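Coordinates as given in input-v7.cif (mmCIF, C-alpha atoms):
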```cif
data_final
#
loop_
_atom_site.label_atom_id
_atom_site.label_comp_id
_atom_site.auth_asym_id
_atom_site.auth_seq_id
_atom_site.Cartn_x
_atom_site.Cartn_y
_atom_site.Cartn_z
CA MET T 9 12.32 23.85 -30.98
CA ILE T 10 9.87 23.67 -28.09
CA ARG T 11 8.85 20.16 -29.06
CA THR T 12 12.49 19.04 -29.10
CA LEU T 13 13.10 20.74 -25.76
CA ASP T 14 9.98 19.14 -24.28
CA LEU T 15 11.14 15.69 -25.34
CA TYR T 16 14.59 16.34 -23.88
CA PHE T 17 13.20 17.45 -20.49
CA PHE T 18 10.68 14.61 -20.49
CA ARG T 19 13.43 12.07 -21.15
CA ARG T 20 15.56 13.56 -18.37
CA TYR T 21 12.68 13.30 -15.91
CA ILE T 22 11.87 9.70 -16.86
CA VAL T 23 15.51 8.60 -16.60
CA THR T 24 15.86 10.29 -13.20
CA THR T 25 12.65 8.64 -11.97
CA ILE T 26 13.84 5.20 -13.09
CA TRP T 27 17.16 5.65 -11.28
CA PHE T 28 15.36 6.66 -8.09
CA LEU T 29 13.04 3.66 -8.37
CA LEU T 30 15.97 1.30 -8.87
CA GLY T 31 17.84 2.82 -5.93
CA ILE T 32 14.84 2.55 -3.60
CA PHE T 33 14.16 -0.99 -4.83
CA ALA T 34 17.72 -2.06 -4.00
CA LEU T 35 17.68 -0.37 -0.60
CA VAL T 36 14.29 -1.76 0.40
CA PHE T 37 15.22 -5.21 -0.90
CA ILE T 38 18.33 -5.39 1.29
CA ILE T 39 16.53 -4.10 4.40
CA ASP T 40 13.44 -6.29 3.97
CA PHE T 41 15.49 -9.41 3.20
CA SER T 42 17.62 -8.89 6.31
CA GLU T 43 14.56 -8.34 8.50
CA MET T 44 12.71 -11.35 7.09
CA SER T 45 15.77 -13.61 7.42
CA ASN T 46 16.05 -12.73 11.10
CA ARG T 47 12.33 -13.35 11.59
CA VAL T 48 11.77 -16.63 9.73
CA GLY T 49 15.30 -17.87 9.00
CA GLY T 50 15.03 -20.63 11.58
CA LEU T 51 11.85 -22.17 10.16
CA PRO T 52 12.30 -25.65 8.61
CA GLY T 53 10.93 -24.72 5.18
CA TYR T 54 13.03 -21.58 4.76
CA THR T 55 15.82 -21.47 2.16
CA LEU T 56 18.00 -18.62 0.95
CA GLY T 57 16.59 -18.80 -2.57
CA MET T 58 12.98 -18.75 -1.41
CA GLY T 59 13.79 -15.91 0.96
CA LEU T 60 15.01 -13.83 -1.99
CA VAL T 61 11.86 -14.71 -3.96
CA VAL T 62 9.52 -13.76 -1.12
CA THR T 63 11.37 -10.48 -0.58
CA ALA T 64 11.00 -9.67 -4.27
CA LEU T 65 7.27 -10.41 -4.02
CA ARG T 66 6.89 -8.03 -1.08
CA ILE T 67 8.79 -5.12 -2.65
CA PRO T 68 5.97 -3.76 -4.92
CA MET T 69 3.71 -3.19 -1.91
CA ILE T 70 6.45 -1.14 -0.24
CA LEU T 71 7.24 0.70 -3.48
CA MET T 72 3.61 1.85 -3.74
CA GLN T 73 4.08 3.72 -0.46
CA THR T 74 7.20 5.48 -1.78
CA VAL T 75 5.81 6.55 -5.18
CA PRO T 76 4.92 10.13 -4.06
CA PHE T 77 8.42 10.65 -2.68
CA VAL T 78 10.01 9.21 -5.82
CA ALA T 79 8.10 11.78 -7.87
CA LEU T 80 9.17 14.56 -5.49
CA PHE T 81 12.87 13.63 -5.43
CA ALA T 82 12.98 12.90 -9.17
CA GLY T 83 11.53 16.32 -9.93
CA MET T 84 13.92 18.06 -7.57
CA ALA T 85 16.97 16.17 -8.85
CA ALA T 86 16.13 16.76 -12.51
CA LEU T 87 15.49 20.49 -12.04
CA ILE T 88 18.56 21.03 -9.86
CA SER T 89 20.72 19.21 -12.41
CA LEU T 90 19.35 21.35 -15.26
CA ASN T 91 19.91 24.49 -13.21
CA ARG T 92 23.52 23.65 -12.39
CA ARG T 93 24.28 22.98 -16.03
CA TYR T 94 22.74 26.35 -17.02
CA GLU T 95 20.18 24.60 -19.20
CA LEU T 96 17.24 26.29 -17.51
CA VAL T 97 19.06 29.64 -17.75
CA VAL T 98 19.45 29.20 -21.50
CA THR T 99 15.83 28.07 -21.77
CA ARG T 100 14.60 31.20 -19.99
CA ALA T 101 16.89 33.36 -22.13
CA ALA T 102 15.27 31.88 -25.22
CA GLY T 103 11.94 33.34 -24.07
CA ILE T 104 10.42 30.08 -22.77
CA SER T 105 8.53 30.56 -19.51
CA ALA T 106 8.70 28.27 -16.50
CA TRP T 107 5.17 27.03 -17.24
CA GLN T 108 6.26 25.90 -20.68
CA PHE T 109 9.37 23.98 -19.69
CA LEU T 110 7.59 22.48 -16.65
CA ARG T 111 5.01 20.78 -18.88
CA PRO T 112 7.22 17.73 -19.62
CA PHE T 113 7.87 17.25 -15.90
CA LEU T 114 4.18 17.49 -15.01
CA LEU T 115 3.28 15.14 -17.85
CA GLY T 116 5.97 12.69 -16.74
CA ALA T 117 4.68 12.77 -13.15
CA PHE T 118 1.12 12.17 -14.35
CA LEU T 119 2.17 9.21 -16.52
CA PHE T 120 4.28 7.85 -13.67
CA GLY T 121 1.14 7.83 -11.49
CA VAL T 122 -0.85 6.06 -14.19
CA ALA T 123 1.91 3.47 -14.59
CA ALA T 124 1.98 2.91 -10.81
CA ILE T 125 -1.77 2.25 -10.80
CA LEU T 126 -1.70 -0.08 -13.80
CA THR T 127 1.48 -2.04 -13.00
CA ILE T 128 2.91 -1.61 -9.49
CA ASN T 129 -0.46 -1.79 -7.71
CA PRO T 130 -1.62 -5.11 -9.26
CA LEU T 131 1.87 -6.57 -8.70
CA ALA T 132 1.75 -5.40 -5.09
CA ALA T 133 -1.63 -7.04 -4.47
CA TRP T 134 -0.60 -10.32 -6.12
CA GLY T 135 2.89 -10.39 -4.61
CA SER T 136 1.66 -9.68 -1.09
CA LYS T 137 -0.71 -12.65 -1.18
CA LYS T 138 1.93 -14.97 -2.67
CA ALA T 139 4.46 -13.90 -0.05
CA GLN T 140 1.98 -14.74 2.72
CA GLU T 141 1.40 -18.18 1.21
CA PHE T 142 5.14 -18.90 1.05
CA GLU T 143 5.70 -17.77 4.63
CA ALA T 144 2.75 -19.86 5.79
CA SER T 145 4.22 -22.93 4.09
CA TRP T 146 7.47 -22.50 6.03
CA GLY T 147 5.79 -22.83 9.41
CA ALA T 148 2.26 -22.03 10.43
CA THR T 149 3.05 -20.94 13.97
CA ASN T 150 5.50 -18.19 13.08
CA ALA T 151 4.48 -17.52 9.49
CA ALA T 152 2.94 -14.70 7.52
CA ARG T 153 2.79 -11.58 9.57
CA SER T 154 0.25 -10.03 7.24
CA GLU T 155 -1.31 -7.47 9.57
CA THR T 156 -0.41 -5.73 12.79
CA ALA T 157 -4.04 -6.01 13.92
CA VAL T 158 -5.82 -9.34 14.11
CA PRO T 159 -8.98 -9.55 11.95
CA TRP T 160 -12.05 -11.00 13.66
CA LEU T 161 -15.22 -12.69 12.37
CA ARG T 162 -18.42 -13.34 14.31
CA GLN T 163 -20.60 -16.30 13.46
CA ILE T 164 -23.82 -17.74 14.91
CA TYR T 165 -24.70 -21.36 14.21
CA GLY T 166 -27.68 -22.68 16.15
CA ASN T 167 -27.17 -21.90 19.83
CA ASP T 168 -23.42 -21.51 19.42
CA GLN T 169 -21.94 -18.05 19.07
CA ALA T 170 -18.26 -17.75 18.18
CA ILE T 171 -15.69 -15.12 17.33
CA ILE T 172 -12.92 -16.22 14.95
CA GLY T 173 -9.61 -14.38 14.79
CA ALA T 174 -6.64 -14.98 12.48
CA LYS T 175 -3.16 -13.60 11.92
CA ALA T 176 -3.26 -14.15 8.15
CA VAL T 177 -5.87 -14.77 5.47
CA LEU T 178 -4.90 -16.97 2.51
CA ASP T 179 -6.58 -18.40 -0.58
CA GLY T 180 -9.16 -15.64 -0.83
CA GLY T 181 -10.63 -16.31 2.61
CA MET T 182 -10.61 -20.10 2.34
CA ARG T 183 -7.69 -20.56 4.74
CA LEU T 184 -6.86 -18.75 7.99
CA MET T 185 -3.52 -19.02 9.79
CA ASN T 186 -2.84 -18.86 13.55
CA VAL T 187 -6.53 -19.05 14.41
CA SER T 188 -8.27 -18.32 17.71
CA VAL T 189 -11.96 -19.25 18.15
CA ILE T 190 -13.84 -18.05 21.24
CA HIS T 191 -17.26 -19.60 21.96
CA PHE T 192 -20.05 -17.95 23.97
CA ASP T 193 -23.29 -19.22 25.47
CA THR T 194 -26.65 -17.45 25.24
CA ASP T 195 -25.68 -15.27 28.23
CA ASN T 196 -22.51 -14.11 26.43
CA ARG T 197 -20.22 -16.02 28.79
CA ILE T 198 -17.10 -17.67 27.37
CA THR T 199 -17.48 -21.45 27.29
CA LEU T 200 -14.61 -22.61 25.09
CA ARG T 201 -11.47 -21.29 23.38
CA GLN T 202 -9.87 -23.08 20.46
CA ASP T 203 -6.39 -22.18 19.19
CA ALA T 204 -5.36 -23.79 15.90
CA ASP T 205 -2.47 -23.54 13.48
CA GLN T 206 -4.88 -23.10 10.60
CA ALA T 207 -8.55 -23.25 9.66
CA THR T 208 -9.83 -24.21 6.21
CA LEU T 209 -13.35 -23.25 5.13
CA GLU T 210 -15.06 -26.36 3.78
CA ASP T 211 -18.68 -26.92 2.73
CA GLY T 212 -20.58 -25.96 5.89
CA TYR T 213 -17.74 -26.12 8.41
CA TRP T 214 -14.30 -24.87 9.38
CA LEU T 215 -11.66 -27.60 9.53
CA LEU T 216 -9.30 -26.70 12.38
CA LYS T 217 -5.91 -28.40 12.48
CA ASN T 218 -3.56 -28.91 15.45
CA VAL T 219 -6.10 -27.55 17.91
CA ARG T 220 -5.67 -26.64 21.57
CA GLU T 221 -9.04 -26.52 23.35
CA THR T 222 -9.41 -24.72 26.68
CA ARG T 223 -12.55 -24.85 28.82
CA THR T 224 -13.21 -23.01 32.06
CA GLY T 225 -11.89 -25.00 35.01
CA GLU T 226 -10.40 -27.79 32.86
CA LEU T 227 -6.95 -28.62 31.54
CA PRO T 228 -6.26 -27.81 27.85
CA VAL T 229 -6.79 -30.65 25.37
CA ARG T 230 -4.80 -31.23 22.15
CA LEU T 231 -6.64 -32.46 19.04
CA ASP T 232 -5.35 -33.08 15.53
CA GLU T 233 -8.53 -31.91 13.78
CA VAL T 234 -11.82 -30.33 14.79
CA GLN T 235 -14.84 -29.47 12.65
CA LEU T 236 -16.55 -26.19 13.52
CA ARG T 237 -19.98 -25.90 11.90
CA THR T 238 -20.64 -22.62 10.08
CA ASN T 239 -22.97 -20.99 7.62
CA LEU T 240 -20.33 -18.50 6.44
CA LYS T 241 -19.48 -18.42 2.76
CA GLN T 242 -16.09 -17.81 1.19
CA GLU T 243 -17.14 -14.48 -0.32
CA PHE T 244 -18.41 -13.25 3.06
CA VAL T 245 -15.16 -14.18 4.78
CA GLN T 246 -13.08 -12.60 2.04
CA GLU T 247 -14.96 -9.30 2.13
CA SER T 248 -14.75 -9.24 5.93
CA LEU T 249 -11.02 -9.84 6.26
CA GLU T 250 -9.38 -8.51 3.10
CA LYS T 251 -7.70 -5.12 3.47
CA PRO T 252 -8.25 -2.51 0.72
CA GLU T 253 -4.48 -2.07 0.23
CA THR T 254 -4.16 -5.72 -0.81
CA ILE T 255 -6.86 -5.46 -3.50
CA ALA T 256 -5.76 -4.68 -7.04
CA PHE T 257 -7.10 -1.46 -8.52
CA PHE T 258 -9.01 -3.33 -11.24
CA ASN T 259 -10.89 -5.39 -8.62
CA LEU T 260 -11.84 -2.59 -6.24
CA GLY T 261 -15.12 -1.75 -7.98
CA ARG T 262 -16.28 -5.36 -7.90
CA LYS T 263 -15.19 -5.75 -4.27
CA ILE T 264 -17.14 -2.64 -3.28
CA GLU T 265 -20.31 -4.01 -4.87
CA ALA T 266 -19.80 -7.40 -3.21
CA ALA T 267 -19.22 -5.80 0.20
CA LYS T 268 -22.39 -3.74 -0.18
CA SER T 269 -24.36 -6.88 -1.02
CA PHE T 270 -23.24 -8.40 2.31
CA GLY T 271 -24.05 -5.23 4.21
CA PHE T 272 -20.43 -4.34 5.02
CA PRO T 273 -19.30 -0.71 5.24
CA THR T 274 -17.32 0.21 2.16
CA HIS T 275 -15.72 3.47 3.28
CA ALA T 276 -12.21 2.00 3.33
CA MET T 277 -12.44 0.43 -0.13
CA GLU T 278 -14.07 3.50 -1.66
CA THR T 279 -11.36 5.70 -0.15
CA GLN T 280 -8.69 3.38 -1.58
CA LEU T 281 -10.34 3.54 -5.01
CA HIS T 282 -10.43 7.33 -5.02
CA THR T 283 -6.88 7.45 -3.65
CA MET T 284 -5.68 5.38 -6.58
CA LEU T 285 -7.59 7.59 -9.03
CA ALA T 286 -6.07 10.70 -7.44
CA LEU T 287 -2.51 9.33 -7.43
CA PRO T 288 -1.44 10.81 -10.82
CA LEU T 289 -2.54 14.28 -9.72
CA LEU T 290 -0.85 13.79 -6.34
CA LEU T 291 2.41 13.20 -8.20
CA VAL T 292 1.76 16.33 -10.25
CA ALA T 293 1.33 18.23 -6.97
CA MET T 294 4.62 16.75 -5.70
CA THR T 295 6.32 17.94 -8.89
CA LEU T 296 4.91 21.44 -8.41
CA ILE T 297 6.36 21.44 -4.89
CA ALA T 298 9.70 20.32 -6.32
CA ALA T 299 9.56 23.16 -8.84
CA CYS T 300 8.79 25.73 -6.13
CA VAL T 301 12.09 25.00 -4.38
CA SER T 302 14.26 24.11 -7.38
CA LEU T 303 13.78 26.76 -10.06
CA LYS T 304 15.81 29.53 -8.43
CA PHE T 305 19.24 29.56 -10.06
CA SER T 306 22.24 28.81 -7.86
CA ARG T 307 25.46 27.31 -9.15
CA PHE T 308 26.89 25.75 -5.98
CA ASN T 309 25.06 26.57 -2.71
CA GLN T 310 21.52 25.48 -3.47
CA SER T 311 21.42 21.80 -2.61
CA ARG T 312 21.16 21.83 1.18
CA ALA T 313 18.33 24.35 1.43
CA VAL T 314 16.53 22.89 -1.58
CA ILE T 315 16.61 19.32 -0.33
CA LEU T 316 15.47 20.29 3.17
CA GLY T 317 12.64 22.50 1.92
CA GLY T 318 11.45 19.96 -0.62
CA ILE T 319 11.55 17.06 1.82
CA LEU T 320 9.64 18.98 4.50
CA SER T 321 7.00 20.20 2.07
CA GLY T 322 6.52 16.78 0.49
CA PHE T 323 6.46 15.08 3.86
CA MET T 324 3.79 17.47 5.14
CA LEU T 325 1.64 16.80 2.07
CA TYR T 326 2.10 13.04 2.48
CA VAL T 327 1.18 13.15 6.18
CA VAL T 328 -1.94 15.21 5.50
CA THR T 329 -2.92 12.83 2.69
CA VAL T 330 -2.54 9.74 4.92
CA LEU T 331 -4.37 11.42 7.81
CA VAL T 332 -7.34 12.48 5.70
CA LYS T 333 -7.39 9.03 4.09
CA ALA T 334 -7.73 7.49 7.56
CA PHE T 335 -10.71 9.78 8.20
CA GLY T 336 -12.24 8.66 4.92
CA SER T 337 -11.66 4.97 5.67
CA SER T 338 -13.41 5.31 9.03
CA GLY T 339 -16.39 7.14 7.51
CA VAL T 340 -15.75 10.46 9.24
CA VAL T 341 -15.12 12.18 5.89
CA PRO T 342 -16.71 11.14 2.56
CA PRO T 343 -14.23 8.97 0.60
CA PHE T 344 -14.26 11.29 -2.42
CA VAL T 345 -13.39 14.31 -0.27
CA ALA T 346 -10.74 12.40 1.70
CA ALA T 347 -8.88 11.34 -1.45
CA TRP T 348 -9.18 14.46 -3.58
CA LEU T 349 -9.14 17.39 -1.16
CA PRO T 350 -5.41 17.22 -0.20
CA VAL T 351 -4.43 16.82 -3.85
CA VAL T 352 -6.50 19.79 -5.03
CA VAL T 353 -5.25 21.99 -2.17
CA ALA T 354 -1.60 21.02 -2.80
CA MET T 355 -1.87 21.68 -6.54
CA SER T 356 -3.51 25.04 -5.91
CA LEU T 357 -0.84 26.08 -3.40
CA GLY T 358 1.98 24.91 -5.67
CA ALA T 359 0.56 26.76 -8.66
CA THR T 360 0.01 29.89 -6.56
CA ILE T 361 3.60 29.90 -5.28
CA LEU T 362 4.97 29.38 -8.78
CA LEU T 363 2.80 32.20 -10.11
CA HIS T 364 4.16 34.48 -7.41
CA GLN T 365 7.77 33.44 -8.09
CA GLU T 366 7.62 33.60 -11.87
CA ASP T 367 5.05 36.28 -12.63
CA GLY T 368 5.13 38.40 -9.47
#
```

Final structure tokens representation of the file:
Amino acid sequence: MIRTLDLYFFRRYIVTTIWFLLGIFALVFIIDFSEMSNRVGGLPGYTLGMGLVVTALRIPMILMQTVPFVALFAGMAALISLNRRYELVVTRAAGISAWQFLRPFLLGAFLFGVAAILTINPLAAWGSKKAQEFEASWGATNAARSETAVPWLRQIYGNDQAIIGAKAVLDGGMRLMNVSVIHFDTDNRITLRQDADQATLEDGYWLLKNVRETRTGELPVRLDEVQLRTNLKQEFVQESLEKPETIAFFNLGRKIEAAKSFGFPTHAMETQLHTMLALPLLLVAMTLIAACVSLKFSRFNQSRAVILGGILSGFMLYVVTVLVKAFGSSGVVPPFVAAWLPVVVAMSLGATILLHQEDG
């Protein structure tokens, strides 16, 4: 009987989760497509069909941010539905404790986290890069808004020192979009600024295209192409500019080793790796929070208080998780502690509250 009941509850949780995912996908798709159309709709290479494709490519990255809330809302919705249909009442009357009938929900949340790591995360990393490439092909000047902060590289070649900034990084570090290059002399005074639509890393030099050169006290000069000598390698550029969120889970370990070989700090990538590993248990913690506010029986007047309490509790956990992750990425807190501490604390609190509610 218990096995049949477990399968029934597990199926209810999975179906509810899928419906929430589909609903969020549709909502995010409409919003993101409208925003992107307003932003790049006037570019010469933009078409309605390609706009829909690029939006679809961007959705997995956004869905990864909503996975904890999907687990929370799915758990709440499934438990509230079972409560209103007296199914949990009958289950308790049959002598089955809350810990027993919660096992399918906790297992479903854990498997949902594993599925997110193995499927949504790689799709998000791949789709984000492809979307940037499509936007860049529509128009380099207004394309690919990949980051809110501009990444910067510093290079020294002979007596020339330069800082290279870019709005977007494509082709694994081989191509930079909306590039600014600032040159310094040996006294650290600015001697030249070059603004280009794109820069391609060739063998021993950057090839800048559609360049605007500005020197102190002189009028700007327009050039079609400029070669900027460099000793930077593709792997170095890639490790410098690639954000951990855009790296697939399966590649994080290799990226960490490569970054260490170049002498780069790896706090952000290590924190991302541990965050991905902790995701299934984070969803279990979200489900425990959902159970804390959803197991009390109420036929009609439960929804408003339950939804508010669950949302606030889940939001607080999510905020704490993101905040501690930022500390881990900056090196203030060890990456392992930053990723796992909020999850362990949330699971402990959820289990403690349920013990108090169910067992006194």

Target residues per the PyMOL selection byres ((chain T and resi 288-303) around 6), formatted as an NGL selection string: :T and (76 or 79-80 or 83-84 or 88 or 114 or 117-118 or 121-122 or 286-287 or 304 or 314 or 318 or 351 or 354-355 or 358 or 362)

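Atom CA of Gly212 of chain T sits 7.5 Å away from atom CA of Leu240 of chain T.
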
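Between Ala347 of chain T and the residues T:Leu281, T:Ala106, T:Val97, T:Leu320, the shortest atom-to-atom distance, using all atoms listed in the file, involves T:Leu281.
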
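Straight-line separation from atom CA of Leu51 of chain T to atom CA of Gln206 of chain T: 16.8 Å.
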
Give as a ChimeraX atom specification the residues that the PyMOL selection byres ((chain T and resi 280) around 12) matches when applied to the coordinates above. /T:125,129,251-261,263-264,274-279,281-287,329-330,332-338,342-348

Using all atoms listed in the file, which residues sit within 10 Å of Leu209 of chain T once same-chain residues fewer than 2 positions away are excluded, as a PyMOL selection string? chain T and resi 181-184+207+211-216+235-238+240-242+245
